[in-house]
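So this one's start36.txt, compact mmCIF, C-alpha atoms:
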```txt
# COMPACT_ATOMS: atom_id res chain seq x y z
CA MET A 28 -61.93 -34.17 -0.05
CA THR A 29 -65.08 -32.12 -0.66
CA LEU A 30 -66.14 -29.84 -3.47
CA ALA A 31 -64.67 -26.33 -3.30
CA VAL A 32 -64.42 -23.36 -5.65
CA ARG A 33 -62.52 -20.12 -6.10
CA VAL A 34 -64.55 -17.18 -7.43
CA PRO A 35 -63.27 -13.75 -8.53
CA GLY A 36 -64.77 -10.49 -7.40
CA SER A 37 -65.79 -7.95 -10.01
CA SER A 38 -66.13 -4.31 -10.89
CA ALA A 39 -69.48 -3.56 -12.53
CA ASN A 40 -70.83 -0.69 -14.62
CA MET A 41 -67.31 0.49 -15.52
CA GLY A 42 -68.64 4.03 -15.91
CA PRO A 43 -71.23 4.14 -18.72
CA GLY A 44 -72.08 0.43 -18.81
CA PHE A 45 -74.74 0.62 -16.11
CA ASP A 46 -76.02 -2.87 -15.22
CA VAL A 47 -74.40 -4.23 -18.41
CA LEU A 48 -70.58 -4.14 -18.33
CA ALA A 49 -68.55 -5.88 -15.63
CA MET A 50 -64.98 -7.06 -15.21
CA ALA A 51 -63.68 -9.94 -13.12
CA VAL A 52 -60.72 -8.94 -10.95
CA SER A 53 -58.03 -10.89 -9.14
CA ILE A 54 -59.46 -10.83 -5.64
CA TYR A 55 -60.94 -14.22 -4.81
CA GLY A 56 -63.39 -15.84 -2.46
CA GLU A 57 -63.12 -19.55 -1.73
CA LEU A 58 -66.10 -21.70 -0.77
CA GLY A 59 -66.68 -25.35 -0.11
CA ILE A 60 -69.17 -27.85 1.26
CA VAL A 61 -68.52 -28.63 4.91
CA ASP A 62 -67.28 -32.17 5.52
CA PRO A 63 -68.18 -33.16 9.11
CA SER A 64 -65.24 -35.56 9.17
CA ALA A 65 -62.65 -32.95 8.21
CA GLN A 66 -61.56 -29.52 9.36
CA SER A 67 -63.21 -26.76 7.36
CA HIS A 68 -61.45 -23.78 5.86
CA GLY A 69 -62.65 -20.27 6.63
CA GLU A 70 -65.93 -19.81 8.48
CA ILE A 71 -69.27 -21.57 8.26
CA ALA A 72 -71.72 -19.44 6.30
CA THR A 73 -74.73 -18.28 8.29
CA THR A 74 -78.27 -19.01 7.13
CA ASN A 75 -78.64 -15.59 5.50
CA HIS A 76 -75.16 -15.47 3.98
CA PRO A 77 -75.46 -15.07 0.17
CA ALA A 78 -73.34 -18.18 -0.38
CA ASN A 79 -75.62 -20.31 1.77
CA VAL A 80 -78.80 -18.84 0.27
CA ALA A 81 -77.55 -19.69 -3.22
CA PHE A 82 -76.39 -23.14 -2.13
CA VAL A 83 -79.86 -23.98 -0.79
CA ARG A 84 -81.58 -22.39 -3.79
CA ALA A 85 -79.55 -24.64 -6.10
CA GLY A 86 -80.57 -27.73 -4.15
CA GLY A 87 -77.65 -28.07 -1.73
CA ILE A 88 -78.02 -29.76 1.64
CA GLY A 89 -75.72 -29.13 4.58
CA GLU A 90 -73.36 -26.27 5.31
CA VAL A 91 -70.93 -24.17 3.31
CA TRP A 92 -67.62 -22.74 4.48
CA VAL A 93 -66.39 -19.40 3.15
CA ASP A 94 -62.95 -17.78 3.11
CA SER A 95 -63.13 -14.45 1.28
CA PRO A 96 -61.04 -11.27 1.29
CA ILE A 97 -63.54 -9.63 -1.10
CA PRO A 98 -64.89 -6.74 1.00
CA SER A 99 -68.63 -6.70 1.57
CA GLY A 100 -70.63 -3.61 0.64
CA ARG A 101 -67.74 -1.99 -1.22
CA GLY A 102 -68.68 -2.43 -4.88
CA LEU A 103 -66.36 -5.32 -5.71
CA GLY A 104 -68.97 -7.98 -6.31
CA PHE A 105 -68.87 -9.76 -2.96
CA SER A 106 -72.49 -10.91 -2.97
CA ALA A 107 -72.39 -12.00 -6.62
CA ALA A 108 -69.19 -14.00 -6.10
CA MET A 109 -70.66 -15.71 -3.05
CA ARG A 110 -73.88 -16.52 -4.88
CA VAL A 111 -72.02 -17.89 -7.88
CA GLY A 112 -69.90 -20.10 -5.63
CA GLY A 113 -72.81 -21.28 -3.53
CA ALA A 114 -74.89 -22.05 -6.62
CA ALA A 115 -72.05 -24.11 -8.13
CA LEU A 116 -71.69 -26.16 -4.97
CA GLY A 117 -75.42 -26.72 -4.63
CA LEU A 118 -75.91 -27.78 -8.24
CA ALA A 119 -72.96 -30.16 -8.12
CA GLN A 120 -74.04 -31.76 -4.86
CA ARG A 121 -77.61 -32.18 -6.07
CA GLN A 122 -76.38 -33.95 -9.21
CA GLY A 123 -73.91 -36.13 -7.36
CA ILE A 124 -70.83 -34.68 -9.07
CA ALA A 125 -67.55 -36.22 -7.88
CA GLU A 126 -64.52 -34.06 -7.14
CA THR A 127 -62.73 -35.41 -10.21
CA GLU A 128 -65.65 -34.28 -12.40
CA PHE A 129 -66.21 -30.91 -10.75
CA ALA A 130 -64.04 -28.76 -13.03
CA GLN A 131 -65.72 -30.13 -16.14
CA PHE A 132 -69.14 -29.72 -14.50
CA ILE A 133 -68.46 -26.02 -13.82
CA ASP A 134 -67.44 -25.42 -17.44
CA ALA A 135 -70.64 -27.07 -18.64
CA SER A 136 -72.85 -25.20 -16.16
CA ARG A 137 -71.69 -21.58 -16.54
CA GLY A 138 -74.91 -20.45 -18.18
CA GLU A 139 -77.04 -21.96 -15.43
CA LEU A 140 -74.78 -20.46 -12.76
CA VAL A 141 -75.26 -16.99 -14.21
CA GLU A 142 -79.03 -17.43 -14.23
CA LEU A 143 -79.19 -18.67 -10.64
CA ALA A 144 -76.87 -16.01 -9.25
CA ALA A 145 -78.52 -13.22 -11.25
CA GLU A 146 -81.95 -14.29 -10.00
CA LEU A 147 -80.75 -13.74 -6.43
CA GLU A 148 -78.57 -10.73 -7.27
CA GLY A 149 -81.22 -8.84 -9.21
CA HIS A 150 -78.93 -8.07 -12.15
CA TYR A 151 -76.59 -9.97 -14.43
CA ASP A 152 -73.35 -8.03 -14.74
CA ASN A 153 -71.46 -8.98 -11.56
CA ALA A 154 -72.68 -12.57 -11.66
CA ALA A 155 -71.65 -13.03 -15.29
CA ALA A 156 -68.17 -11.61 -14.66
CA SER A 157 -67.58 -13.92 -11.69
CA VAL A 158 -68.76 -16.92 -13.70
CA TRP A 159 -66.94 -16.28 -16.98
CA GLY A 160 -64.01 -14.05 -16.05
CA GLY A 161 -62.69 -11.26 -18.27
CA VAL A 162 -64.97 -8.37 -19.23
CA VAL A 163 -68.58 -9.17 -20.04
CA SER A 164 -71.58 -7.49 -21.54
CA ALA A 165 -74.50 -9.08 -19.73
CA SER A 166 -78.26 -9.03 -20.06
CA PRO A 167 -81.10 -11.49 -19.36
CA GLU A 168 -81.01 -12.44 -23.04
CA ARG A 169 -77.30 -13.15 -23.37
CA VAL A 170 -73.84 -12.84 -21.87
CA ALA A 171 -71.10 -11.83 -24.31
CA LEU A 172 -67.39 -11.96 -23.54
CA ILE A 173 -65.56 -8.88 -24.73
CA PRO A 174 -62.26 -9.81 -26.40
CA LEU A 175 -59.37 -8.01 -24.75
CA ALA A 176 -56.38 -6.75 -26.68
CA ALA A 177 -53.09 -8.33 -25.67
CA THR A 178 -51.81 -4.93 -24.57
CA MET A 179 -54.74 -4.51 -22.19
CA ARG A 180 -53.74 -7.71 -20.42
CA SER A 181 -49.99 -7.19 -20.47
CA GLU A 182 -49.53 -3.44 -20.03
CA VAL A 183 -52.57 -2.44 -17.95
CA CYS A 184 -53.65 -3.33 -14.43
CA VAL A 185 -56.54 -2.25 -12.23
CA LEU A 186 -56.05 -0.02 -9.20
CA VAL A 187 -58.84 0.03 -6.65
CA TRP A 188 -59.21 2.48 -3.79
CA ILE A 189 -61.34 0.82 -1.12
CA PRO A 190 -62.69 3.20 1.55
CA GLN A 191 -63.41 2.23 5.11
CA PHE A 192 -67.15 2.86 4.79
CA GLN A 193 -69.79 0.79 3.01
CA THR A 194 -72.71 1.52 0.71
CA ALA A 195 -75.91 -0.47 0.21
CA THR A 196 -76.69 -1.26 -3.43
CA SER A 197 -80.43 -1.39 -2.75
CA LYS A 198 -80.43 2.09 -1.21
CA SER A 199 -78.22 3.41 -3.98
CA ARG A 200 -80.63 2.12 -6.62
CA ARG A 201 -83.62 3.74 -4.92
CA ASN A 202 -81.97 7.13 -5.40
CA LEU A 203 -81.69 6.70 -9.17
CA PRO A 204 -84.40 8.21 -11.41
CA ASP A 205 -86.92 5.91 -13.07
CA ALA A 206 -86.57 7.70 -16.42
CA VAL A 207 -83.59 9.21 -18.21
CA ARG A 208 -83.29 11.95 -20.77
CA ARG A 209 -82.68 10.93 -24.37
CA GLN A 210 -79.43 12.89 -24.55
CA ASP A 211 -78.16 11.11 -21.43
CA ALA A 212 -78.97 7.72 -22.92
CA ILE A 213 -77.18 8.67 -26.14
CA PHE A 214 -74.20 9.91 -24.13
CA ASN A 215 -73.88 6.59 -22.31
CA ILE A 216 -74.42 4.44 -25.39
CA ALA A 217 -71.59 6.29 -27.13
CA ARG A 218 -69.20 5.98 -24.18
CA ALA A 219 -70.04 2.32 -23.55
CA THR A 220 -69.44 1.32 -27.16
CA GLN A 221 -66.20 3.30 -27.21
CA LEU A 222 -65.11 1.52 -24.03
CA VAL A 223 -65.66 -1.86 -25.67
CA ILE A 224 -63.65 -0.69 -28.70
CA ALA A 225 -60.82 0.54 -26.47
CA LEU A 226 -60.68 -2.75 -24.58
CA SER A 227 -60.74 -4.92 -27.67
CA THR A 228 -58.25 -2.88 -29.71
CA GLY A 229 -55.95 -1.65 -26.94
CA ASP A 230 -56.57 1.99 -27.91
CA PHE A 231 -55.27 3.66 -24.76
CA ASP A 232 -55.97 7.12 -26.18
CA LEU A 233 -59.68 6.29 -26.29
CA LEU A 234 -59.88 5.13 -22.67
CA PRO A 235 -59.88 8.51 -20.83
CA SER A 236 -63.31 9.54 -22.11
CA THR A 237 -64.93 6.12 -21.83
CA ALA A 238 -65.59 6.20 -18.07
CA SER A 239 -67.89 9.23 -18.33
CA ASP A 240 -71.49 8.58 -17.37
CA GLN A 241 -74.84 10.36 -17.09
CA LEU A 242 -77.06 7.60 -15.67
CA HIS A 243 -75.83 6.68 -12.20
CA GLN A 244 -72.43 7.94 -11.08
CA LYS A 245 -73.39 11.55 -10.39
CA VAL A 246 -76.26 10.53 -8.11
CA ARG A 247 -74.17 7.99 -6.24
CA LEU A 248 -71.14 10.25 -5.94
CA SER A 249 -73.28 13.01 -4.43
CA ASP A 250 -73.51 10.82 -1.31
CA THR A 251 -69.78 10.09 -1.29
CA PRO A 252 -67.98 13.22 -2.53
CA MET A 253 -64.60 11.85 -1.46
CA CYS A 254 -64.97 9.12 -4.07
CA ALA A 255 -65.43 11.77 -6.75
CA GLU A 256 -62.24 13.42 -5.55
CA VAL A 257 -60.39 10.11 -5.76
CA MET A 258 -61.61 9.53 -9.33
CA THR A 259 -60.29 12.93 -10.38
CA ALA A 260 -57.04 12.45 -8.49
CA LEU A 261 -56.43 9.08 -10.15
CA VAL A 262 -56.71 10.57 -13.63
CA ASN A 263 -54.53 13.52 -12.65
CA ALA A 264 -51.95 11.07 -11.29
CA GLY A 265 -51.75 9.22 -14.59
CA ALA A 266 -54.61 6.69 -14.65
CA LEU A 267 -55.98 5.91 -18.10
CA SER A 268 -59.57 6.10 -16.80
CA SER A 269 -61.43 5.89 -13.51
CA TRP A 270 -64.93 4.89 -12.48
CA LEU A 271 -67.12 4.12 -9.49
CA SER A 272 -66.94 0.35 -9.04
CA GLY A 273 -70.46 -1.05 -8.97
CA SER A 274 -72.55 1.17 -6.72
CA GLY A 275 -69.39 2.17 -4.84
CA PRO A 276 -67.85 3.29 -2.69
CA THR A 277 -64.75 1.62 -4.18
CA VAL A 278 -63.16 3.58 -7.01
CA ALA A 279 -61.43 1.65 -9.79
CA ALA A 280 -59.02 2.74 -12.50
CA PHE A 281 -57.07 1.37 -15.42
CA ILE A 282 -53.39 2.26 -15.07
CA ARG A 283 -50.25 1.31 -16.92
CA ARG A 284 -48.23 -1.23 -14.96
CA THR A 285 -45.22 1.05 -15.22
CA ASP A 286 -47.16 3.79 -13.40
CA ALA A 287 -48.72 1.56 -10.72
CA ALA A 288 -46.25 2.22 -7.91
CA GLU A 289 -46.32 6.00 -8.28
CA VAL A 290 -50.09 6.29 -8.68
CA THR A 291 -50.58 4.05 -5.65
CA ARG A 292 -48.19 6.19 -3.60
CA LEU A 293 -49.95 9.44 -4.51
CA ILE A 294 -53.46 8.17 -3.84
CA GLY A 295 -52.40 6.54 -0.57
CA ARG A 296 -50.79 9.77 0.55
CA ASP A 297 -53.70 12.05 -0.35
CA PHE A 298 -56.59 9.76 0.61
CA PRO A 299 -55.62 7.82 3.74
CA LEU A 300 -59.24 6.96 4.62
CA GLY A 301 -59.08 4.15 2.10
CA ARG A 302 -56.60 1.51 1.02
CA THR A 303 -55.27 0.94 -2.46
CA GLN A 304 -54.78 -2.43 -4.11
CA ILE A 305 -53.40 -3.40 -7.50
CA LEU A 306 -55.38 -6.12 -9.26
CA ASP A 307 -55.33 -7.89 -12.60
CA ILE A 308 -58.21 -8.70 -14.89
CA ASP A 309 -59.16 -12.26 -13.99
CA MET A 310 -59.58 -14.29 -17.15
CA ARG A 311 -60.66 -17.60 -15.64
CA GLY A 312 -63.84 -16.95 -13.68
CA ILE A 313 -65.13 -19.51 -11.19
CA HIS A 314 -63.06 -22.70 -11.02
CA ALA A 315 -62.70 -25.77 -8.87
CA ILE A 316 -59.95 -26.00 -6.26
```
Conversion result in structure tokens:
Amino acid sequence: MTLAVRVPGSSANMGPGFDVLAMAVSIYGELGIVDPSAQSHGEIATTNHPANVAFVRAGGIGEVWVDSPIPSGRGLGFSAAMRVGGAALGLAQRQGIAETEFAQFIDASRGELVELAAELEGHYDNAAASVWGGVVSASPERVALIPLAATMRSEVCVLVWIPQFQTATSKSRRNLPDAVRRQDAIFNIARATQLVIALSTGDFDLLPSTASDQLHQKVRLSDTPMCAEVMTALVNAGALSSWLSGSGPTVAAFIRRTDAAEVTRLIGRDFPLGRTQILDIDMRGIHAI
């Protein structure tokens, strides 16, 4: 057997938490080191694949196989998940970690995995969520896990609407202004702190206003107006809140589990150019398989 990992995708920004807040979600990529004497799972990562780049950067030698349903270029943390997984495999191989020690090694190396993946990713939020699981507040100085109320985990799930088209994060970032107005910064600080309070206390009444944003969503949604329509439709259909996942174009929403089937039906009916999927908040992060 060879070393292999399962890594969750993520939804970053979560509305006002631009480049800071991210949530791990239950859509997983699996990666492993290719064993020439055994049949590999998935496909061999190409030289430029983010998993392979991270594997080599972490000191890995050889090839990596990847099996991932996380869609690329859709705002669900594909590149971060692949980089986290590749970095874990490379570090472990370089240090001669045996399969029986791999799970413990990952737990002890989470901080280093965030740093390596964030270095390649260019920001910390997605990488930190894929490493730690749950909802994180991430910065170069520190990653903090946001405690989630029991009701958030038991009564709420995440609906994502994934369109057929892609967006490029690098291009999306170039369209954002270099400076922001003071009132816009205040607006986002207030909403981001209220979002953390809602998540940690289970205050569902506070959630609807916490996805509002003045720093990035309006600019990004101007290029994908259908996504703005989906966000509005989700709230009108009963979602607790809705936001542009990462840089988009996927739209994410918190919904009550009891409303999931009906909200999914309505969005699927009215917006057939995308597919809906119900996910949970992943609480485990990267782990050995």
Nearest-residue call for A:Gly44, choices A:Thr291, A:Ser227, A:Gln221, A:Thr285, using all atoms listed in the file
A:Gln221
Within 10 Å of (-75.5, -17.4, 4.2) (file coordinates; all atoms listed in the file), which protein or nucleic acid residues are there? I'd like them as a PyMOL selection string.
chain A and resi 71-83+90-93+109-110+113
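Minimum atom-to-atom distance to A:Gly123, evaluated using only C-alpha atoms, belongs to A:Ile88 out of A:Ile88, A:Val158, A:Ala145, A:Cys254.
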Surrounding residues of A:Val170 excluding itself and chain neighbours under 6 positions, 7 Å, only C-alpha atoms, as a PDB file with C-alpha atoms, in the coordinates of the input:
```pdb
ATOM      1  CA  ALA A 155     -71.650 -13.030 -15.290  1.00  0.00           C
ATOM      2  CA  VAL A 163     -68.580  -9.170 -20.040  1.00  0.00           C
ATOM      3  CA  SER A 164     -71.580  -7.490 -21.540  1.00  0.00           C
TER       4      SER A 164
END
```
One number please: atom CA of A:Ser249 to atom CA of A:Thr220, in Å, one decimal.
25.8 Å
Restricting to only C-alpha atoms, whichever of A:Pro276, A:Pro35, A:Gly104, A:Gly56 is closest to A:Gln191 is A:Pro276
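With distances restricted to all atoms listed in the file, A:Trp188 is the closest residue to A:Arg302 from A:Arg201, A:Glu148, A:Trp188, A:Arg84.
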Would you mind putting back all heavy atoms on stretch 121-132 of chain A, then writing it out as a short mmCIF file (atom, residue, chain, number, x, y, z; two decimals), in the frame of the given file?
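Contents of selection02.cif, as written:
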```cif
data_model
loop_
_atom_site.label_atom_id
_atom_site.label_comp_id
_atom_site.auth_asym_id
_atom_site.auth_seq_id
_atom_site.Cartn_x
_atom_site.Cartn_y
_atom_site.Cartn_z
N ARG A 121 -76.30 -31.65 -5.71
CA ARG A 121 -77.61 -32.18 -6.07
C ARG A 121 -77.50 -33.22 -7.18
O ARG A 121 -78.26 -34.21 -7.20
CB ARG A 121 -78.52 -31.04 -6.53
CG ARG A 121 -79.98 -31.46 -6.77
CD ARG A 121 -80.79 -30.29 -7.28
NE ARG A 121 -80.43 -29.93 -8.63
CZ ARG A 121 -80.86 -28.84 -9.27
NH1 ARG A 121 -81.63 -27.96 -8.62
NH2 ARG A 121 -80.51 -28.58 -10.50
N GLN A 122 -76.54 -33.03 -8.08
CA GLN A 122 -76.38 -33.95 -9.21
C GLN A 122 -75.35 -35.04 -8.94
O GLN A 122 -75.04 -35.83 -9.84
CB GLN A 122 -76.02 -33.16 -10.46
CG GLN A 122 -77.11 -32.19 -10.89
CD GLN A 122 -76.79 -31.48 -12.19
OE1 GLN A 122 -76.15 -32.04 -13.07
NE2 GLN A 122 -77.26 -30.24 -12.32
N GLY A 123 -74.83 -35.07 -7.73
CA GLY A 123 -73.91 -36.13 -7.36
C GLY A 123 -72.57 -36.07 -8.08
O GLY A 123 -71.98 -37.11 -8.39
N ILE A 124 -72.08 -34.86 -8.34
CA ILE A 124 -70.83 -34.68 -9.07
C ILE A 124 -69.64 -35.00 -8.17
O ILE A 124 -69.53 -34.47 -7.06
CB ILE A 124 -70.70 -33.25 -9.61
CG1 ILE A 124 -71.89 -32.93 -10.53
CG2 ILE A 124 -69.38 -33.05 -10.34
CD1 ILE A 124 -72.01 -33.82 -11.74
N ALA A 125 -68.75 -35.86 -8.63
CA ALA A 125 -67.55 -36.22 -7.88
C ALA A 125 -66.51 -35.12 -8.03
O ALA A 125 -66.54 -34.33 -8.99
CB ALA A 125 -66.99 -37.54 -8.38
N GLU A 126 -65.55 -35.09 -7.10
CA GLU A 126 -64.52 -34.06 -7.14
C GLU A 126 -63.75 -34.10 -8.45
O GLU A 126 -63.40 -33.05 -9.01
CB GLU A 126 -63.57 -34.24 -5.96
CG GLU A 126 -62.52 -33.15 -5.85
CD GLU A 126 -61.58 -33.37 -4.69
OE1 GLU A 126 -61.72 -34.37 -3.98
OE2 GLU A 126 -60.67 -32.53 -4.51
N THR A 127 -63.49 -35.28 -8.97
CA THR A 127 -62.73 -35.41 -10.21
C THR A 127 -63.50 -34.89 -11.43
O THR A 127 -62.92 -34.60 -12.46
CB THR A 127 -62.36 -36.88 -10.46
OG1 THR A 127 -63.56 -37.67 -10.44
CG2 THR A 127 -61.39 -37.38 -9.39
N GLU A 128 -64.81 -34.75 -11.29
CA GLU A 128 -65.65 -34.28 -12.40
C GLU A 128 -66.05 -32.82 -12.23
O GLU A 128 -66.71 -32.26 -13.12
CB GLU A 128 -66.93 -35.13 -12.46
CG GLU A 128 -66.69 -36.63 -12.59
CD GLU A 128 -67.96 -37.41 -12.37
OE1 GLU A 128 -68.84 -36.92 -11.62
OE2 GLU A 128 -68.10 -38.50 -12.95
N PHE A 129 -65.66 -32.22 -11.12
CA PHE A 129 -66.21 -30.91 -10.75
C PHE A 129 -65.78 -29.82 -11.72
O PHE A 129 -66.58 -28.97 -12.11
CB PHE A 129 -65.79 -30.57 -9.33
CG PHE A 129 -66.53 -29.40 -8.72
CD1 PHE A 129 -67.83 -29.09 -9.11
CD2 PHE A 129 -65.94 -28.61 -7.76
CE1 PHE A 129 -68.51 -28.03 -8.55
CE2 PHE A 129 -66.61 -27.55 -7.18
CZ PHE A 129 -67.89 -27.25 -7.59
N ALA A 130 -64.52 -29.80 -12.13
CA ALA A 130 -64.04 -28.76 -13.03
C ALA A 130 -64.80 -28.80 -14.35
O ALA A 130 -65.23 -27.76 -14.88
CB ALA A 130 -62.54 -28.92 -13.27
N GLN A 131 -64.98 -29.98 -14.89
CA GLN A 131 -65.72 -30.13 -16.14
C GLN A 131 -67.18 -29.74 -15.96
O GLN A 131 -67.79 -29.13 -16.84
CB GLN A 131 -65.61 -31.57 -16.64
CG GLN A 131 -66.28 -31.80 -17.99
CD GLN A 131 -66.09 -33.22 -18.47
OE1 GLN A 131 -65.50 -34.05 -17.80
NE2 GLN A 131 -66.60 -33.51 -19.67
N PHE A 132 -67.75 -30.08 -14.79
CA PHE A 132 -69.14 -29.72 -14.50
C PHE A 132 -69.31 -28.20 -14.49
O PHE A 132 -70.29 -27.67 -15.03
CB PHE A 132 -69.55 -30.31 -13.15
CG PHE A 132 -70.90 -29.86 -12.68
CD1 PHE A 132 -72.05 -30.45 -13.16
CD2 PHE A 132 -71.01 -28.84 -11.74
CE1 PHE A 132 -73.30 -30.03 -12.73
CE2 PHE A 132 -72.25 -28.42 -11.30
CZ PHE A 132 -73.41 -29.01 -11.80
#
```
